>>> print(open('data_5.cif').read())   # mmCIF, C-alpha atoms
data_start
loop_
_atom_site.label_atom_id
_atom_site.label_comp_id
_atom_site.auth_asym_id
_atom_site.auth_seq_id
_atom_site.Cartn_x
_atom_site.Cartn_y
_atom_site.Cartn_z
CA MET A 1 -64.74 25.56 -128.18
CA LYS A 2 -58.67 23.58 -122.79
CA THR A 3 -57.82 24.98 -119.98
CA ILE A 4 -60.57 26.02 -117.74
CA VAL A 5 -63.45 24.22 -119.17
CA SER A 6 -63.76 21.86 -121.92
CA ILE A 7 -61.76 19.51 -119.47
CA LEU A 8 -60.34 16.00 -119.88
CA ALA A 9 -60.17 13.91 -116.70
CA SER A 10 -58.42 10.61 -116.30
CA ILE A 11 -57.42 8.58 -113.25
CA LEU A 12 -56.13 5.06 -112.61
CA LEU A 13 -58.46 2.84 -110.61
CA LEU A 14 -58.59 -0.62 -109.10
CA PRO A 15 -59.55 -3.27 -111.68
CA LEU A 16 -63.26 -2.98 -112.48
CA MET A 17 -65.53 -3.68 -115.43
CA SER A 18 -65.00 -1.98 -118.81
CA CYS A 19 -68.28 -0.61 -120.12
CA ASP A 20 -66.98 0.82 -123.41
CA LYS A 21 -65.10 -2.18 -124.74
CA GLY A 22 -65.56 -2.61 -128.46
CA THR A 23 -65.98 1.11 -129.18
CA LEU A 24 -62.91 3.20 -128.36
CA SER A 25 -59.90 2.26 -126.31
CA ALA A 26 -59.12 4.41 -123.28
CA GLY A 27 -55.96 5.70 -124.98
CA LYS A 28 -57.73 6.60 -128.22
CA PHE A 29 -60.56 8.34 -126.35
CA ARG A 30 -58.00 10.35 -124.40
CA ARG A 31 -56.16 11.41 -127.56
CA MET A 32 -59.40 12.39 -129.28
CA ALA A 33 -60.51 14.34 -126.21
CA GLU A 34 -57.19 16.17 -126.10
CA GLU A 35 -57.48 17.09 -129.77
CA ALA A 36 -61.06 18.30 -129.23
CA GLU A 37 -59.85 20.48 -126.36
CA TYR A 38 -57.11 21.88 -128.61
CA ARG A 39 -59.54 22.67 -131.43
CA MET A 40 -61.93 24.43 -129.05
CA ALA A 41 -59.09 26.46 -127.55
CA MET A 42 -57.98 27.55 -131.03
CA ILE A 43 -61.53 28.58 -131.92
CA ASP A 44 -61.79 30.66 -128.75
CA SER A 45 -58.37 32.20 -129.38
CA SER A 46 -59.16 33.13 -133.00
CA GLN A 47 -62.47 34.70 -132.00
CA SER A 48 -60.71 36.72 -129.31
CA GLU A 49 -58.24 37.96 -131.95
CA ILE A 50 -61.11 39.00 -134.22
CA ARG A 51 -62.68 41.03 -131.43
CA SER A 52 -59.33 42.68 -130.64
CA ILE A 53 -58.80 43.63 -134.29
CA LEU A 54 -62.30 45.07 -134.55
CA GLN A 55 -61.74 47.09 -131.41
CA ALA A 56 -58.39 48.40 -132.68
CA TYR A 57 -59.92 49.29 -136.05
CA ASN A 58 -62.89 51.12 -134.54
CA GLN A 59 -60.60 53.06 -132.23
CA THR A 60 -58.49 54.12 -135.20
CA VAL A 61 -61.09 55.27 -137.72
CA PRO A 62 -63.74 58.01 -137.34
CA GLU A 63 -67.01 56.86 -135.83
CA ASP A 64 -68.86 56.99 -139.17
CA ARG A 65 -66.39 54.46 -140.61
CA GLY A 66 -66.75 52.03 -137.72
CA LEU A 67 -67.57 48.37 -138.28
CA THR A 68 -69.76 46.07 -136.18
CA LEU A 69 -69.82 42.34 -136.83
CA ALA A 70 -71.96 39.64 -135.20
CA ILE A 71 -69.66 36.85 -134.02
CA ASP A 72 -71.22 33.46 -133.30
CA ALA A 73 -69.85 31.78 -130.18
CA GLN A 74 -68.64 28.75 -132.14
CA ARG A 75 -68.90 29.50 -135.86
CA GLY A 76 -67.45 32.99 -135.80
CA LEU A 77 -68.62 35.03 -138.78
CA SER A 78 -71.51 33.89 -140.95
CA VAL A 79 -71.46 34.22 -144.75
CA ASP A 80 -73.54 37.40 -144.46
CA GLU A 81 -71.11 38.90 -141.94
CA LEU A 82 -68.15 38.00 -144.16
CA ASP A 83 -69.88 39.72 -147.10
CA LYS A 84 -70.39 42.76 -144.88
CA LEU A 85 -66.71 42.70 -143.95
CA SER A 86 -65.64 42.31 -147.58
CA GLU A 87 -67.75 45.30 -148.62
CA HIS A 88 -66.28 47.38 -145.81
CA VAL A 89 -62.74 46.41 -146.86
CA SER A 90 -63.41 47.44 -150.45
CA MET A 91 -64.54 50.88 -149.28
CA GLU A 92 -61.68 51.39 -146.83
CA THR A 93 -59.25 54.00 -148.22
CA ASP A 94 -56.48 53.54 -145.65
CA ALA A 95 -54.12 50.74 -146.68
CA SER A 96 -53.08 49.85 -143.13
CA CYS A 97 -56.72 49.63 -142.05
CA ARG A 98 -57.52 47.38 -145.00
CA ILE A 99 -54.69 45.05 -143.98
CA LEU A 100 -56.04 44.99 -140.43
CA LEU A 101 -59.52 44.01 -141.59
CA LYS A 102 -58.19 41.37 -143.99
CA GLN A 103 -56.58 39.64 -141.02
CA ILE A 104 -60.10 38.88 -139.81
CA VAL A 105 -60.76 36.89 -142.98
CA GLY A 106 -57.72 34.73 -142.30
CA LEU A 107 -58.77 34.17 -138.69
CA GLN A 108 -62.24 33.14 -139.81
CA GLY A 109 -60.61 30.62 -142.13
CA ARG A 110 -58.83 29.12 -139.11
CA ILE A 111 -62.10 28.94 -137.19
CA ASP A 112 -63.74 27.12 -140.09
CA ASP A 113 -60.85 24.64 -140.31
CA HIS A 114 -60.94 23.90 -136.58
CA ASN A 115 -64.72 23.50 -136.60
CA ARG A 116 -64.54 21.02 -139.48
CA ALA A 117 -61.85 19.04 -137.67
CA LEU A 118 -63.84 19.12 -134.43
CA GLU A 119 -67.01 17.91 -136.15
CA LYS A 120 -65.13 15.08 -137.85
CA LEU A 121 -63.55 14.11 -134.55
CA THR A 122 -66.71 14.08 -132.45
CA SER A 123 -68.72 12.30 -135.16
CA ALA A 124 -66.34 9.35 -134.77
CA MET A 125 -67.05 9.16 -131.03
CA PRO A 126 -70.04 7.62 -129.22
CA PRO A 127 -73.02 9.99 -128.92
CA PRO A 128 -72.54 12.56 -126.13
CA HIS A 129 -74.97 13.53 -123.41
CA CYS A 130 -76.60 16.88 -124.22
CA VAL A 131 -76.89 18.84 -120.99
CA ARG A 132 -80.38 19.80 -119.88
CA ARG A 133 -81.20 22.70 -117.61
CA GLY A 134 -80.27 22.06 -113.98
CA GLU A 135 -77.87 19.18 -114.63
CA ASN A 136 -74.29 19.14 -113.35
CA HIS A 137 -71.14 17.31 -114.40
CA TYR A 138 -70.77 15.48 -111.08
CA THR A 139 -74.22 13.88 -111.07
CA LEU A 140 -74.03 13.02 -114.76
CA SER A 141 -70.68 11.29 -114.18
CA ILE A 142 -72.13 9.31 -111.26
CA ASN A 143 -75.12 8.30 -113.39
CA TYR A 144 -72.84 7.16 -116.22
CA LEU A 145 -70.72 4.95 -113.97
CA THR A 146 -73.67 3.46 -112.08
CA ASN A 147 -76.21 3.10 -114.89
CA THR A 148 -73.97 2.40 -117.90
CA CYS A 149 -71.02 0.70 -116.22
CA GLY A 150 -72.94 -1.02 -113.43
CA MET A 151 -70.79 0.30 -110.57
CA SER A 152 -72.04 0.75 -107.05
CA ARG A 153 -72.83 4.29 -105.97
CA GLY A 154 -69.95 4.22 -103.49
CA THR A 155 -67.40 3.12 -106.09
CA ALA A 156 -68.66 5.67 -108.61
CA ASP A 157 -68.56 8.44 -106.01
CA SER A 158 -64.96 7.53 -105.11
CA ILE A 159 -63.95 7.74 -108.76
CA VAL A 160 -65.76 10.98 -109.54
CA SER A 161 -64.55 12.71 -106.37
CA ARG A 162 -60.98 12.25 -107.65
CA THR A 163 -61.79 13.40 -111.16
CA GLU A 164 -61.47 16.94 -112.49
CA LEU A 165 -64.85 18.09 -113.78
CA VAL A 166 -66.33 21.26 -115.21
CA GLY A 167 -67.74 23.18 -112.26
CA ASP A 168 -70.36 25.10 -114.22
CA ILE A 169 -72.22 23.68 -117.20
CA ILE A 170 -75.24 25.01 -119.02
CA GLU A 171 -78.02 23.69 -121.19
CA GLY A 172 -76.76 22.63 -124.61
CA PHE A 173 -73.20 21.61 -123.68
CA ASN A 174 -72.20 18.13 -124.86
CA ILE A 175 -70.48 15.79 -122.39
CA TRP A 176 -68.61 12.62 -123.30
CA PHE A 177 -67.85 9.83 -120.84
CA HIS A 178 -65.60 6.79 -121.16
CA TYR A 179 -64.53 4.02 -118.82
CA GLU A 180 -62.28 1.18 -119.92
CA ASP A 181 -59.06 -0.47 -118.80
CA GLU A 182 -59.30 1.00 -115.31
CA ARG A 183 -59.52 4.56 -116.61
CA PHE A 184 -62.40 7.04 -116.46
CA SER A 185 -62.39 10.04 -118.78
CA THR A 186 -64.86 12.82 -119.49
CA PHE A 187 -64.78 16.09 -121.41
CA VAL A 188 -67.16 18.87 -122.41
CA THR A 189 -67.76 20.70 -125.70
CA GLN A 190 -69.98 23.63 -126.60
CA GLY A 191 -72.65 21.62 -128.37
CA SER A 192 -75.71 23.76 -129.10
CA ALA A 193 -75.01 26.28 -126.32
CA ARG A 194 -74.39 29.90 -127.29
CA VAL A 195 -71.08 30.09 -125.42
CA SER A 196 -68.09 27.77 -125.15
CA PRO A 197 -67.22 26.05 -121.85
CA ALA A 198 -64.01 28.09 -121.54
CA VAL A 199 -65.74 31.42 -122.13
CA PHE A 200 -68.61 30.50 -119.80
CA ALA A 201 -66.14 29.64 -117.03
CA LYS A 202 -64.52 33.07 -117.44
CA ILE A 203 -67.93 34.75 -117.27
CA VAL A 204 -68.82 32.89 -114.08
CA LYS A 205 -65.48 33.70 -112.46
CA GLN A 206 -65.72 37.37 -113.45
CA HIS A 207 -69.25 37.58 -112.07
CA ILE A 208 -68.15 36.08 -108.74
CA VAL A 209 -65.22 38.50 -108.46
CA GLU A 210 -67.35 41.53 -109.37
CA GLN A 211 -69.99 40.59 -106.80
CA ALA A 212 -67.34 40.17 -104.12
CA ARG A 213 -65.72 43.51 -104.97
CA ALA A 214 -69.08 45.23 -104.85
CA SER A 215 -69.59 43.83 -101.36
CA GLY A 216 -66.07 44.87 -100.34
CA ASN A 217 -64.94 41.29 -99.71
CA GLU A 218 -62.57 40.01 -102.40
CA ASP A 219 -61.58 37.07 -100.19
CA ALA A 220 -65.13 35.81 -100.57
CA ALA A 221 -64.63 35.58 -104.33
CA PHE A 222 -61.62 33.31 -103.92
CA GLU A 223 -63.48 31.12 -101.41
CA CYS A 224 -66.49 30.93 -103.73
CA ILE A 225 -64.30 29.79 -106.62
CA LEU A 226 -62.70 27.15 -104.39
CA ASP A 227 -66.16 25.94 -103.32
CA SER A 228 -67.13 25.62 -106.98
CA LEU A 229 -64.04 23.55 -107.65
CA LYS A 230 -64.80 21.36 -104.64
CA ARG A 231 -68.27 20.68 -105.96
CA SER A 232 -66.77 19.66 -109.29
CA GLY A 233 -64.50 17.13 -107.57
CA ALA A 234 -61.25 18.85 -108.52
CA LEU A 235 -58.10 18.29 -106.47
CA LEU A 236 -57.36 21.52 -104.60
CA SER A 237 -54.20 20.74 -102.68
CA SER A 238 -51.91 22.72 -104.98
CA ILE A 239 -54.30 25.69 -105.05
CA LYS A 240 -54.60 25.75 -101.28
CA HIS A 241 -50.83 25.52 -100.95
CA ALA A 242 -50.38 28.42 -103.39
CA SER A 243 -52.90 30.57 -101.50
CA ALA A 244 -51.15 29.81 -98.20
CA ILE A 245 -47.85 31.19 -99.52
CA GLY A 246 -49.48 34.33 -100.89
CA MET A 247 -49.94 33.56 -104.60
#
>>> encode(input="data_5.cif", output="structure tokens")
Amino acid sequence: MKTIVSILASILLLPLMSCDKGTLSAGKFRRMAEEAEYRMAMIDSSQSEIRSILQAYNQTVPEDRGLTLAIDAQRGLSVDELDKLSEHVSMETDASCRILLKQIVGLQGRIDDHNRALEKLTSAMPPPHCVRRGENHYTLSINYLTNTCGMSRGTADSIVSRTELVGDIIEGFNIWFHYEDERFSTFVTQGSARVSPAVFAKIVKQHIVEQARASGNEDAAFECILDSLKRSGALLSSIKHASAIGM
């Protein structure tokens, strides 16, 4: 379900072999990856809005009129949860509260639309790699370039080290790879995981910061995040420059 984690990476390289010729062009893959990132960001945004509305509603009404809904990490509200919402709306006597709850229905409609578009988009792409426990984006990218594209380990390592990757991935994420016309691209989607890449990245970052605060060393949190980015192969020059000037 852009931004921090469902990430597209693309860099120009010296002329090498093209291992995806005949499937998707580099440009088309990039455009499809960008649209997938957009759809996932919109799903995350709509779900965040639903949670905010529920919180506002429950803070407004008496406790016995409160509403709890189970929100799937990618699908949002199930049919059963929508029925539960509809029943609650019909019993709500306050007009402004009813309007607030009806906004959730519209947001769920957006989630459904984006999920349909995302499924159509990814079904037109080559099969992704489904992440297994213990795997990481860096090693998977190296394996793709060496095993599928026939590159040497040194060449693949040079390419991947200059490519922005997802620092933390979990079992169930789907990862796409593409190399053609001197361009390597890769991006991540939620797949069968119970959390989106963007949300998972926020959870990891929050956990690092909270641990550092608990130990009384917030600088350690920033260094830990930088180390994670280094392991992913991201370019850190701008971040380091920003930290040096006090951002």
>>> residues_around(input="data_5.cif", residues="A:His129", least_positions_apart="6", cutoff="9 Å", atoms="all atoms listed in the file", output="MDAnalysis selection string")
chainID A and resid 140 173:177
>>> resolve_selection(input="data_5.cif", expression="the PyMOL selection byres ((chain A and resi 143) around 12)", output="PDB file with C-alpha atoms, in the frame of the given file")
ATOM      1  CA  HIS A 129     -74.970  13.530-123.410  1.00  0.00           C
ATOM      2  CA  GLU A 135     -77.870  19.180-114.630  1.00  0.00           C
ATOM      3  CA  ASN A 136     -74.290  19.140-113.350  1.00  0.00           C
ATOM      4  CA  HIS A 137     -71.140  17.310-114.400  1.00  0.00           C
ATOM      5  CA  TYR A 138     -70.770  15.480-111.080  1.00  0.00           C
ATOM      6  CA  THR A 139     -74.220  13.880-111.070  1.00  0.00           C
ATOM      7  CA  LEU A 140     -74.030  13.020-114.760  1.00  0.00           C
ATOM      8  CA  SER A 141     -70.680  11.290-114.180  1.00  0.00           C
ATOM      9  CA  ILE A 142     -72.130   9.310-111.260  1.00  0.00           C
ATOM     10  CA  TYR A 144     -72.840   7.160-116.220  1.00  0.00           C
ATOM     11  CA  LEU A 145     -70.720   4.950-113.970  1.00  0.00           C
ATOM     12  CA  THR A 146     -73.670   3.460-112.080  1.00  0.00           C
ATOM     13  CA  ASN A 147     -76.210   3.100-114.890  1.00  0.00           C
ATOM     14  CA  THR A 148     -73.970   2.400-117.900  1.00  0.00           C
ATOM     15  CA  CYS A 149     -71.020   0.700-116.220  1.00  0.00           C
ATOM     16  CA  GLY A 150     -72.940  -1.020-113.430  1.00  0.00           C
ATOM     17  CA  MET A 151     -70.790   0.300-110.570  1.00  0.00           C
ATOM     18  CA  SER A 152     -72.040   0.750-107.050  1.00  0.00           C
ATOM     19  CA  ARG A 153     -72.830   4.290-105.970  1.00  0.00           C
ATOM     20  CA  GLY A 154     -69.950   4.220-103.490  1.00  0.00           C
ATOM     21  CA  THR A 155     -67.400   3.120-106.090  1.00  0.00           C
ATOM     22  CA  ALA A 156     -68.660   5.670-108.610  1.00  0.00           C
ATOM     23  CA  ASP A 157     -68.560   8.440-106.010  1.00  0.00           C
ATOM     24  CA  VAL A 160     -65.760  10.980-109.540  1.00  0.00           C
ATOM     25  CA  PHE A 177     -67.850   9.830-120.840  1.00  0.00           C
TER      26      PHE A 177
END
>>> closest_residue(input="data_5.cif", among="A:His114, A:His178, A:Thr163, A:Lys84", to="A:Pro127", atoms="all atoms listed in the file")
A:His178
>>> closest_residue(input="data_5.cif", among="A:Gly66, A:Gly106, A:Gly172, A:Pro126", to="A:Met32", atoms="all atoms listed in the file")
A:Pro126
>>> closest_residue(input="data_5.cif", among="A:Glu119, A:Glu171, A:Glu210, A:Glu164", to="A:Arg132", atoms="only C-alpha atoms")
A:Glu171
>>> closest_residue(input="data_5.cif", among="A:Ser86, A:Ser161, A:Ser96, A:Ser78", to="A:Tyr57", atoms="all atoms listed in the file")
A:Ser96
>>> resolve_selection(input="data_5.cif", expression="the PyMOL selection byres ((chain A and resi 107) around 12)", output="PDB file with C-alpha atoms, in the frame of the given file")
ATOM      1  CA  MET A  42     -57.980  27.550-131.030  1.00  0.00           C
ATOM      2  CA  ILE A  43     -61.530  28.580-131.920  1.00  0.00           C
ATOM      3  CA  ASP A  44     -61.790  30.660-128.750  1.00  0.00           C
ATOM      4  CA  SER A  45     -58.370  32.200-129.380  1.00  0.00           C
ATOM      5  CA  SER A  46     -59.160  33.130-133.000  1.00  0.00           C
ATOM      6  CA  GLN A  47     -62.470  34.700-132.000  1.00  0.00           C
ATOM      7  CA  SER A  48     -60.710  36.720-129.310  1.00  0.00           C
ATOM      8  CA  GLU A  49     -58.240  37.960-131.950  1.00  0.00           C
ATOM      9  CA  ILE A  50     -61.110  39.000-134.220  1.00  0.00           C
ATOM     10  CA  ARG A  51     -62.680  41.030-131.430  1.00  0.00           C
ATOM     11  CA  SER A  52     -59.330  42.680-130.640  1.00  0.00           C
ATOM     12  CA  ILE A  53     -58.800  43.630-134.290  1.00  0.00           C
ATOM     13  CA  ARG A  75     -68.900  29.500-135.860  1.00  0.00           C
ATOM     14  CA  GLY A  76     -67.450  32.990-135.800  1.00  0.00           C
ATOM     15  CA  LEU A  77     -68.620  35.030-138.780  1.00  0.00           C
ATOM     16  CA  LEU A  82     -68.150  38.000-144.160  1.00  0.00           C
ATOM     17  CA  LEU A 100     -56.040  44.990-140.430  1.00  0.00           C
ATOM     18  CA  LEU A 101     -59.520  44.010-141.590  1.00  0.00           C
ATOM     19  CA  LYS A 102     -58.190  41.370-143.990  1.00  0.00           C
ATOM     20  CA  GLN A 103     -56.580  39.640-141.020  1.00  0.00           C
ATOM     21  CA  ILE A 104     -60.100  38.880-139.810  1.00  0.00           C
ATOM     22  CA  VAL A 105     -60.760  36.890-142.980  1.00  0.00           C
ATOM     23  CA  GLY A 106     -57.720  34.730-142.300  1.00  0.00           C
ATOM     24  CA  GLN A 108     -62.240  33.140-139.810  1.00  0.00           C
ATOM     25  CA  GLY A 109     -60.610  30.620-142.130  1.00  0.00           C
ATOM     26  CA  ARG A 110     -58.830  29.120-139.110  1.00  0.00           C
ATOM     27  CA  ILE A 111     -62.100  28.940-137.190  1.00  0.00           C
ATOM     28  CA  ASP A 112     -63.740  27.120-140.090  1.00  0.00           C
ATOM     29  CA  ASP A 113     -60.850  24.640-140.310  1.00  0.00           C
ATOM     30  CA  HIS A 114     -60.940  23.900-136.580  1.00  0.00           C
TER      31      HIS A 114
END
>>> closest_residue(input="data_5.cif", among="A:Arg39, A:Arg183, A:Arg98, A:Arg30", to="A:Val61", atoms="only C-alpha atoms")
A:Arg98
>>> residues_near_point(input="data_5.cif", point="(-71.5, 40.8, -138.4)", cutoff="7 Å", atoms="all atoms listed in the file", output="VMD selection string")
chain A and resid 68 to 71 77 81 84
>>> resolve_selection(input="data_5.cif", expression="the PyMOL selection byres ((chain A and resi 170) around 12)", output="compact mmCIF listing (two decimals) with C-alpha atoms, in the coordinates of the input")
# COMPACT_ATOMS: atom_id res chain seq x y z
CA VAL A 5 -63.45 24.22 -119.17
CA CYS A 130 -76.60 16.88 -124.22
CA VAL A 131 -76.89 18.84 -120.99
CA ARG A 132 -80.38 19.80 -119.88
CA ARG A 133 -81.20 22.70 -117.61
CA GLY A 134 -80.27 22.06 -113.98
CA GLU A 135 -77.87 19.18 -114.63
CA ASN A 136 -74.29 19.14 -113.35
CA HIS A 137 -71.14 17.31 -114.40
CA VAL A 166 -66.33 21.26 -115.21
CA GLY A 167 -67.74 23.18 -112.26
CA ASP A 168 -70.36 25.10 -114.22
CA ILE A 169 -72.22 23.68 -117.20
CA GLU A 171 -78.02 23.69 -121.19
CA GLY A 172 -76.76 22.63 -124.61
CA PHE A 173 -73.20 21.61 -123.68
CA ASN A 174 -72.20 18.13 -124.86
CA ILE A 175 -70.48 15.79 -122.39
CA VAL A 188 -67.16 18.87 -122.41
CA THR A 189 -67.76 20.70 -125.70
CA GLN A 190 -69.98 23.63 -126.60
CA GLY A 191 -72.65 21.62 -128.37
CA SER A 192 -75.71 23.76 -129.10
CA ALA A 193 -75.01 26.28 -126.32
CA ARG A 194 -74.39 29.90 -127.29
CA VAL A 195 -71.08 30.09 -125.42
CA SER A 196 -68.09 27.77 -125.15
CA PRO A 197 -67.22 26.05 -121.85
CA ALA A 198 -64.01 28.09 -121.54
CA VAL A 199 -65.74 31.42 -122.13
CA PHE A 200 -68.61 30.50 -119.80
CA ALA A 201 -66.14 29.64 -117.03
CA VAL A 204 -68.82 32.89 -114.08
>>> atom_distance(input="data_5.cif", atom1="atom CA of A:Ala33", atom2="atom CA of A:Ala124")
11.5 Å
>>> atom_distance(input="data_5.cif", atom1="atom CA of A:Arg116", atom2="atom CA of A:Leu24")
21.1 Å
>>> residues_around(input="data_5.cif", residues="A:Leu67", least_positions_apart="6", cutoff="9 Å", atoms="all atoms listed in the file", output="MDAnalysis selection string")
chainID A and resid 54 57:58 85 88
